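S.K.: Before I ask anything, here is the structure I am working with.
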Amino acid sequence: KNQVEQSPQSLIILEGKNCTLQCNYTVSPFSNLRWYKQDTGRGPVSLTIMTFSENTKSNGRYTATLDADTKQSSLHITASQLSDSASYICVVRPYNYGQNFVFGPGTRLSVLP
Amino acid sequence: GAVVSQHPSRVICKSGTSVKIECRSLDFQATTMFWYRQFPKKSLMLMATSNEGSKATYEQGVEKDKFLINHASLTLSTLTVTSAHPEDSSFYICSASILAGPSPLEEQFFGPGTRLTVL
């Protein structure tokens with residue numbers, strides 16, 4: 001069964017600190033892996049998209065890594081800001097486009113002043 | 001970037017009434033549109049997938065007669081919650097996808113969501 005797991009479930013850090021969120025998946029074969037940021041009461045917004053052949057992708061202070069061999073991805077946030085407080089969702093697209101995206105449960109990040 | 005809008009952003013209705021939620025891709029034509037439901041502090045749950053001009057494909061456990069989806073054009077999909085009950089109260093999010101880039105890579109853009117409260 002295609003599944004995506006994320007850890008930690010929630011995380012609290014101080015403003016200016018770095019953090020790393022983890023994503024493990026069992027989707028195989030897969031086409032691409034995405035990280036989304038979802039503010040409370042809003043729809044998700046795409047941060048990065050990586051195909052199975054990519055190892056890393058950056059978007060400003062967000063850097064995603066992908067290890068297709070171990071089926072793991074991480075999202076690293078540097079110099080966190082209060083506005084980074086949100087849920088971060090890992091989503092995997094199966095290679096078979098007849099299958100839908102597989103969503104992780106998300107990691108809820110709180111950045112405190 | 002591509003923009004997806006939803007209307008209304010929040011709605012409160014009485015039990016037994018029907019509620020229609022619109023999802024529009026504002027500056028692109030969507031290959032496919034998706035409807036999700038999200039409970040507090042939970043991730044998105046796919047309800048159905050729809051392509052313009054064809055019947056929606058519903059996920060297991062989602063009642064198609066309860067959640068009516070109409071995909072009238074490449075830029076508009078509607079979700080109608082019929083005979084709403086308090087347990088239908090939730091955050092409903094749509095997304096629209098388009099093939100983009102040299103790969104091509106399927107991009108999925110989400111709407112801002114609609115919060116439905118059924119009294």
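Every chain in the structure tokens has a letter given in the order shown (A, B, ...), and although residue numbers restart at 1 in each chain, ligands are simply numbered from 1 in the order shown.
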Which neighbours of segment 28-38 of chain A fall inside 9 Å, counting only C-alpha atoms, when residues of the same chain fewer than 3 positions from it are skipped, and could you give them as an MDAnalysis selection string?
M.R.: (chainID A and resid 2 25 41:53 64 66 71 73 75 84 86:97) or (chainID B and resid 105)
S.K.: Produce a file of the selected residues containing N, CA and C atoms, as a JSON list (two decimals), in the first residue's frame.
M.R.:
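Generated output (selection17.json):
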[["chain", "number", "residue", "atom", "x", "y", "z"],
["A", 2, "ASN", "N", 0.54, 2.18, -0.89],
["A", 2, "ASN", "CA", 1.29, 3.42, -0.95],
["A", 2, "ASN", "C", 1.03, 4.26, 0.28],
["A", 25, "TYR", "N", 8.51, 7.32, 2.57],
["A", 25, "TYR", "CA", 7.40, 6.88, 1.72],
["A", 25, "TYR", "C", 7.63, 5.45, 1.26],
["A", 41, "GLY", "N", -6.11, 27.33, 7.83],
["A", 41, "GLY", "CA", -7.27, 27.87, 7.14],
["A", 41, "GLY", "C", -7.03, 28.26, 5.70],
["A", 42, "ARG", "N", -5.92, 27.79, 5.13],
["A", 42, "ARG", "CA", -5.60, 28.11, 3.74],
["A", 42, "ARG", "C", -5.28, 26.83, 2.99],
["A", 43, "GLY", "N", -5.26, 26.94, 1.65],
["A", 43, "GLY", "CA", -4.86, 25.79, 0.86],
["A", 43, "GLY", "C", -3.35, 25.64, 0.82],
["A", 44, "PRO", "N", -2.85, 24.45, 0.52],
["A", 44, "PRO", "CA", -1.40, 24.23, 0.46],
["A", 44, "PRO", "C", -0.75, 25.01, -0.69],
["A", 45, "VAL", "N", 0.47, 25.41, -0.46],
["A", 45, "VAL", "CA", 1.25, 26.12, -1.48],
["A", 45, "VAL", "C", 2.52, 25.33, -1.73],
["A", 46, "SER", "N", 2.85, 25.12, -2.99],
["A", 46, "SER", "CA", 4.01, 24.32, -3.34],
["A", 46, "SER", "C", 5.32, 25.00, -2.96],
["A", 47, "LEU", "N", 6.22, 24.25, -2.34],
["A", 47, "LEU", "CA", 7.55, 24.75, -2.01],
["A", 47, "LEU", "C", 8.58, 24.18, -2.99],
["A", 48, "THR", "N", 8.58, 22.86, -3.13],
["A", 48, "THR", "CA", 9.54, 22.21, -4.04],
["A", 48, "THR", "C", 8.89, 21.01, -4.70],
["A", 49, "ILE", "N", 9.36, 20.69, -5.87],
["A", 49, "ILE", "CA", 8.99, 19.46, -6.57],
["A", 49, "ILE", "C", 10.28, 18.81, -7.05],
["A", 50, "MET", "N", 10.47, 17.54, -6.71],
["A", 50, "MET", "CA", 11.66, 16.82, -7.17],
["A", 50, "MET", "C", 11.24, 15.55, -7.89],
["A", 51, "THR", "N", 11.83, 15.33, -9.05],
["A", 51, "THR", "CA", 11.61, 14.06, -9.72],
["A", 51, "THR", "C", 12.50, 13.00, -9.07],
["A", 52, "PHE", "N", 12.29, 11.75, -9.46],
["A", 52, "PHE", "CA", 13.02, 10.65, -8.82],
["A", 52, "PHE", "C", 14.52, 10.75, -9.07],
["A", 53, "SER", "N", 14.92, 11.51, -10.08],
["A", 53, "SER", "CA", 16.34, 11.60, -10.42],
["A", 53, "SER", "C", 17.04, 12.78, -9.75],
["A", 64, "ALA", "N", 14.97, 21.05, -0.02],
["A", 64, "ALA", "CA", 14.47, 19.68, 0.07],
["A", 64, "ALA", "C", 15.53, 18.73, -0.48],
["A", 66, "LEU", "N", 16.28, 14.44, -1.45],
["A", 66, "LEU", "CA", 15.59, 13.20, -1.78],
["A", 66, "LEU", "C", 16.61, 12.08, -1.94],
["A", 71, "LYS", "N", 14.17, 5.86, 0.08],
["A", 71, "LYS", "CA", 12.79, 6.37, 0.06],
["A", 71, "LYS", "C", 12.58, 7.37, 1.20],
["A", 73, "SER", "N", 12.92, 11.68, 2.25],
["A", 73, "SER", "CA", 13.10, 13.07, 1.84],
["A", 73, "SER", "C", 13.12, 13.92, 3.10],
["A", 75, "LEU", "N", 13.03, 18.22, 4.45],
["A", 75, "LEU", "CA", 12.86, 19.63, 4.14],
["A", 75, "LEU", "C", 13.58, 20.42, 5.22],
["A", 84, "ASP", "N", 6.96, 31.23, 9.08],
["A", 84, "ASP", "CA", 7.15, 29.82, 8.71],
["A", 84, "ASP", "C", 6.23, 28.92, 9.51],
["A", 86, "ALA", "N", 3.41, 26.86, 10.23],
["A", 86, "ALA", "CA", 2.45, 26.28, 9.29],
["A", 86, "ALA", "C", 2.57, 24.77, 9.37],
["A", 87, "SER", "N", 1.75, 24.10, 8.59],
["A", 87, "SER", "CA", 1.91, 22.66, 8.41],
["A", 87, "SER", "C", 2.66, 22.41, 7.12],
["A", 88, "TYR", "N", 3.58, 21.46, 7.14],
["A", 88, "TYR", "CA", 4.37, 21.13, 5.97],
["A", 88, "TYR", "C", 4.02, 19.71, 5.55],
["A", 89, "ILE", "N", 3.57, 19.58, 4.33],
["A", 89, "ILE", "CA", 3.03, 18.32, 3.85],
["A", 89, "ILE", "C", 3.91, 17.75, 2.75],
["A", 90, "CYS", "N", 4.26, 16.49, 2.90],
["A", 90, "CYS", "CA", 5.03, 15.76, 1.89],
["A", 90, "CYS", "C", 4.05, 14.98, 1.03],
["A", 91, "VAL", "N", 4.17, 15.10, -0.27],
["A", 91, "VAL", "CA", 3.23, 14.45, -1.19],
["A", 91, "VAL", "C", 4.02, 13.71, -2.26],
["A", 92, "VAL", "N", 3.66, 12.47, -2.51],
["A", 92, "VAL", "CA", 4.36, 11.67, -3.51],
["A", 92, "VAL", "C", 3.41, 11.34, -4.66],
["A", 93, "ARG", "N", 3.90, 11.52, -5.87],
["A", 93, "ARG", "CA", 3.13, 11.21, -7.07],
["A", 93, "ARG", "C", 3.58, 9.86, -7.60],
["A", 94, "PRO", "N", 2.71, 8.85, -7.61],
["A", 94, "PRO", "CA", 3.11, 7.56, -8.17],
["A", 94, "PRO", "C", 3.47, 7.69, -9.65],
["A", 95, "TYR", "N", 4.30, 6.79, -10.11],
["A", 95, "TYR", "CA", 4.72, 6.81, -11.51],
["A", 95, "TYR", "C", 3.53, 6.56, -12.44],
["A", 96, "ASN", "N", 2.62, 5.71, -11.99],
["A", 96, "ASN", "CA", 1.42, 5.43, -12.77],
["A", 96, "ASN", "C", 0.44, 6.58, -12.58],
["A", 97, "TYR", "N", 0.25, 7.37, -13.64],
["A", 97, "TYR", "CA", -0.60, 8.54, -13.50],
["A", 97, "TYR", "C", -2.06, 8.18, -13.26],
["B", 105, "LEU", "N", 6.04, 17.96, -16.19],
["B", 105, "LEU", "CA", 5.77, 17.66, -14.81],
["B", 105, "LEU", "C", 4.38, 18.17, -14.47]]
S.K.: Dump as a ChimeraX atom specification the residues of chain B that approach chain A to within 6 Å, counting only C-alpha atoms.
M.R.: /B:43,110-113
S.K.: Give me, please, the distance in Å between atom CA of Ala68 of chain A and atom CA of Tyr36 of chain B, quoted to one decimal.
M.R.: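 If I compute the distance from atom CA of Ala68 of chain A to atom CA of Tyr36 of chain B, I get 27.5 Å.
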S.K.: Find the residues around Leu79 of chain B up to 12 Å (only C-alpha atoms counted), leave out those fewer than 4 positions away in its own chain, and share them as number ranges by chain.
M.R.: B: 6-8, 18-24, 33-37, 47-50, 56, 64-72, 92-94, 114, 116
S.K.: Can I get the selection written as a compact mmCIF listing (two decimals), in the first residue's frame, with N, CA and C atoms?
M.R.:
# COMPACT_ATOMS: atom_id res chain seq x y z
N GLN B 6 -11.60 29.73 -4.84
CA GLN B 6 -12.76 29.01 -4.35
C GLN B 6 -13.77 30.02 -3.82
N HIS B 7 -15.02 29.68 -4.02
CA HIS B 7 -16.08 30.54 -3.51
C HIS B 7 -17.25 29.70 -3.05
N PRO B 8 -17.79 29.94 -1.87
CA PRO B 8 -17.35 30.96 -0.92
C PRO B 8 -16.16 30.50 -0.09
N SER B 18 -28.66 22.31 0.92
CA SER B 18 -27.56 21.98 0.01
C SER B 18 -26.65 23.18 -0.16
N VAL B 19 -25.38 22.91 -0.30
CA VAL B 19 -24.38 23.97 -0.42
C VAL B 19 -23.51 23.71 -1.64
N LYS B 20 -23.32 24.75 -2.45
CA LYS B 20 -22.47 24.61 -3.64
C LYS B 20 -21.18 25.39 -3.44
N ILE B 21 -20.08 24.74 -3.75
CA ILE B 21 -18.76 25.36 -3.66
C ILE B 21 -18.16 25.38 -5.06
N GLU B 22 -17.67 26.55 -5.46
CA GLU B 22 -17.07 26.70 -6.79
C GLU B 22 -15.54 26.71 -6.71
N CYS B 23 -14.94 26.11 -7.70
CA CYS B 23 -13.49 26.10 -7.81
C CYS B 23 -13.13 26.54 -9.23
N ARG B 24 -12.33 27.58 -9.33
CA ARG B 24 -11.96 28.12 -10.63
C ARG B 24 -10.45 28.24 -10.79
N MET B 33 -9.27 18.42 -12.11
CA MET B 33 -9.52 19.09 -10.84
C MET B 33 -9.78 18.04 -9.78
N PHE B 34 -9.35 18.34 -8.56
CA PHE B 34 -9.50 17.42 -7.44
C PHE B 34 -10.25 18.12 -6.31
N TRP B 35 -11.01 17.33 -5.57
CA TRP B 35 -11.67 17.86 -4.37
C TRP B 35 -11.18 17.08 -3.15
N TYR B 36 -10.80 17.84 -2.13
CA TYR B 36 -10.29 17.26 -0.90
C TYR B 36 -11.13 17.74 0.27
N ARG B 37 -11.04 16.95 1.33
CA ARG B 37 -11.68 17.32 2.58
C ARG B 37 -10.60 17.25 3.65
N MET B 47 -11.34 13.32 -2.13
CA MET B 47 -12.72 12.88 -2.25
C MET B 47 -13.01 12.37 -3.65
N ALA B 48 -12.58 13.17 -4.64
CA ALA B 48 -12.91 12.81 -6.01
C ALA B 48 -11.99 13.54 -6.98
N THR B 49 -11.90 12.95 -8.15
CA THR B 49 -11.11 13.51 -9.25
C THR B 49 -12.05 13.75 -10.41
N SER B 50 -11.95 14.91 -11.03
CA SER B 50 -12.85 15.17 -12.15
C SER B 50 -12.12 15.76 -13.34
N ALA B 56 -17.15 12.43 -12.47
CA ALA B 56 -16.06 12.41 -11.50
C ALA B 56 -15.81 10.99 -11.02
N LYS B 64 -21.25 9.50 -3.85
CA LYS B 64 -21.37 10.38 -5.01
C LYS B 64 -22.70 11.10 -5.06
N ASP B 65 -23.74 10.53 -4.44
CA ASP B 65 -25.03 11.22 -4.42
C ASP B 65 -25.06 12.29 -3.36
N LYS B 66 -24.14 12.21 -2.43
CA LYS B 66 -24.06 13.19 -1.35
C LYS B 66 -23.21 14.38 -1.78
N PHE B 67 -22.14 14.08 -2.45
CA PHE B 67 -21.20 15.10 -2.91
C PHE B 67 -21.21 15.11 -4.44
N LEU B 68 -22.02 16.01 -4.99
CA LEU B 68 -22.17 16.09 -6.43
C LEU B 68 -21.10 16.98 -7.03
N ILE B 69 -20.41 16.47 -8.00
CA ILE B 69 -19.35 17.23 -8.66
C ILE B 69 -19.71 17.44 -10.11
N ASN B 70 -19.64 18.70 -10.51
CA ASN B 70 -19.88 19.07 -11.89
C ASN B 70 -18.67 19.80 -12.42
N HIS B 71 -18.14 19.31 -13.51
CA HIS B 71 -16.94 19.93 -14.10
C HIS B 71 -17.35 20.49 -15.45
N ALA B 72 -17.89 21.71 -15.41
CA ALA B 72 -18.53 22.28 -16.59
C ALA B 72 -17.56 22.73 -17.67
N TYR B 92 -13.09 22.22 2.89
CA TYR B 92 -13.06 21.60 1.58
C TYR B 92 -12.09 22.39 0.69
N ILE B 93 -11.17 21.66 0.09
CA ILE B 93 -10.15 22.29 -0.75
C ILE B 93 -10.17 21.67 -2.14
N CYS B 94 -10.10 22.50 -3.14
CA CYS B 94 -9.99 21.99 -4.50
C CYS B 94 -8.58 22.25 -5.02
N THR B 114 -12.62 26.16 1.47
CA THR B 114 -13.94 26.64 1.90
C THR B 114 -14.28 25.95 3.22
N LEU B 116 -16.93 24.87 5.69
CA LEU B 116 -18.37 24.62 5.76
C LEU B 116 -18.74 24.26 7.19
S.K.: What is the atom CA of Ser9 of chain B-atom CA of Thr75 of chain B distance in Å, reported with one decimal?
M.R.: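 Taking atom CA of Ser9 of chain B and atom CA of Thr75 of chain B, their separation equals 18.0 Å.
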S.K.: Can you list, as a ChimeraX atom specification, all residues belonging to segment 20-99 of chain A that DSSP tags as strand (DSSP E or B)?
M.R.: /A:20-25,30-38,45-51,56-59,62-67,72-77,86-94
S.K.: What does the distance between atom CA of Asn51 of chain B and atom CA of Asp27 of chain B come to in Å, to one decimal place?
M.R.: 17.5 Å
S.K.: From the list A:Ile13, A:Val27, A:Leu112, A:Leu82, which residue is nearest Lys1 of chain A when using only C-alpha atoms?
M.R.: A:Val27
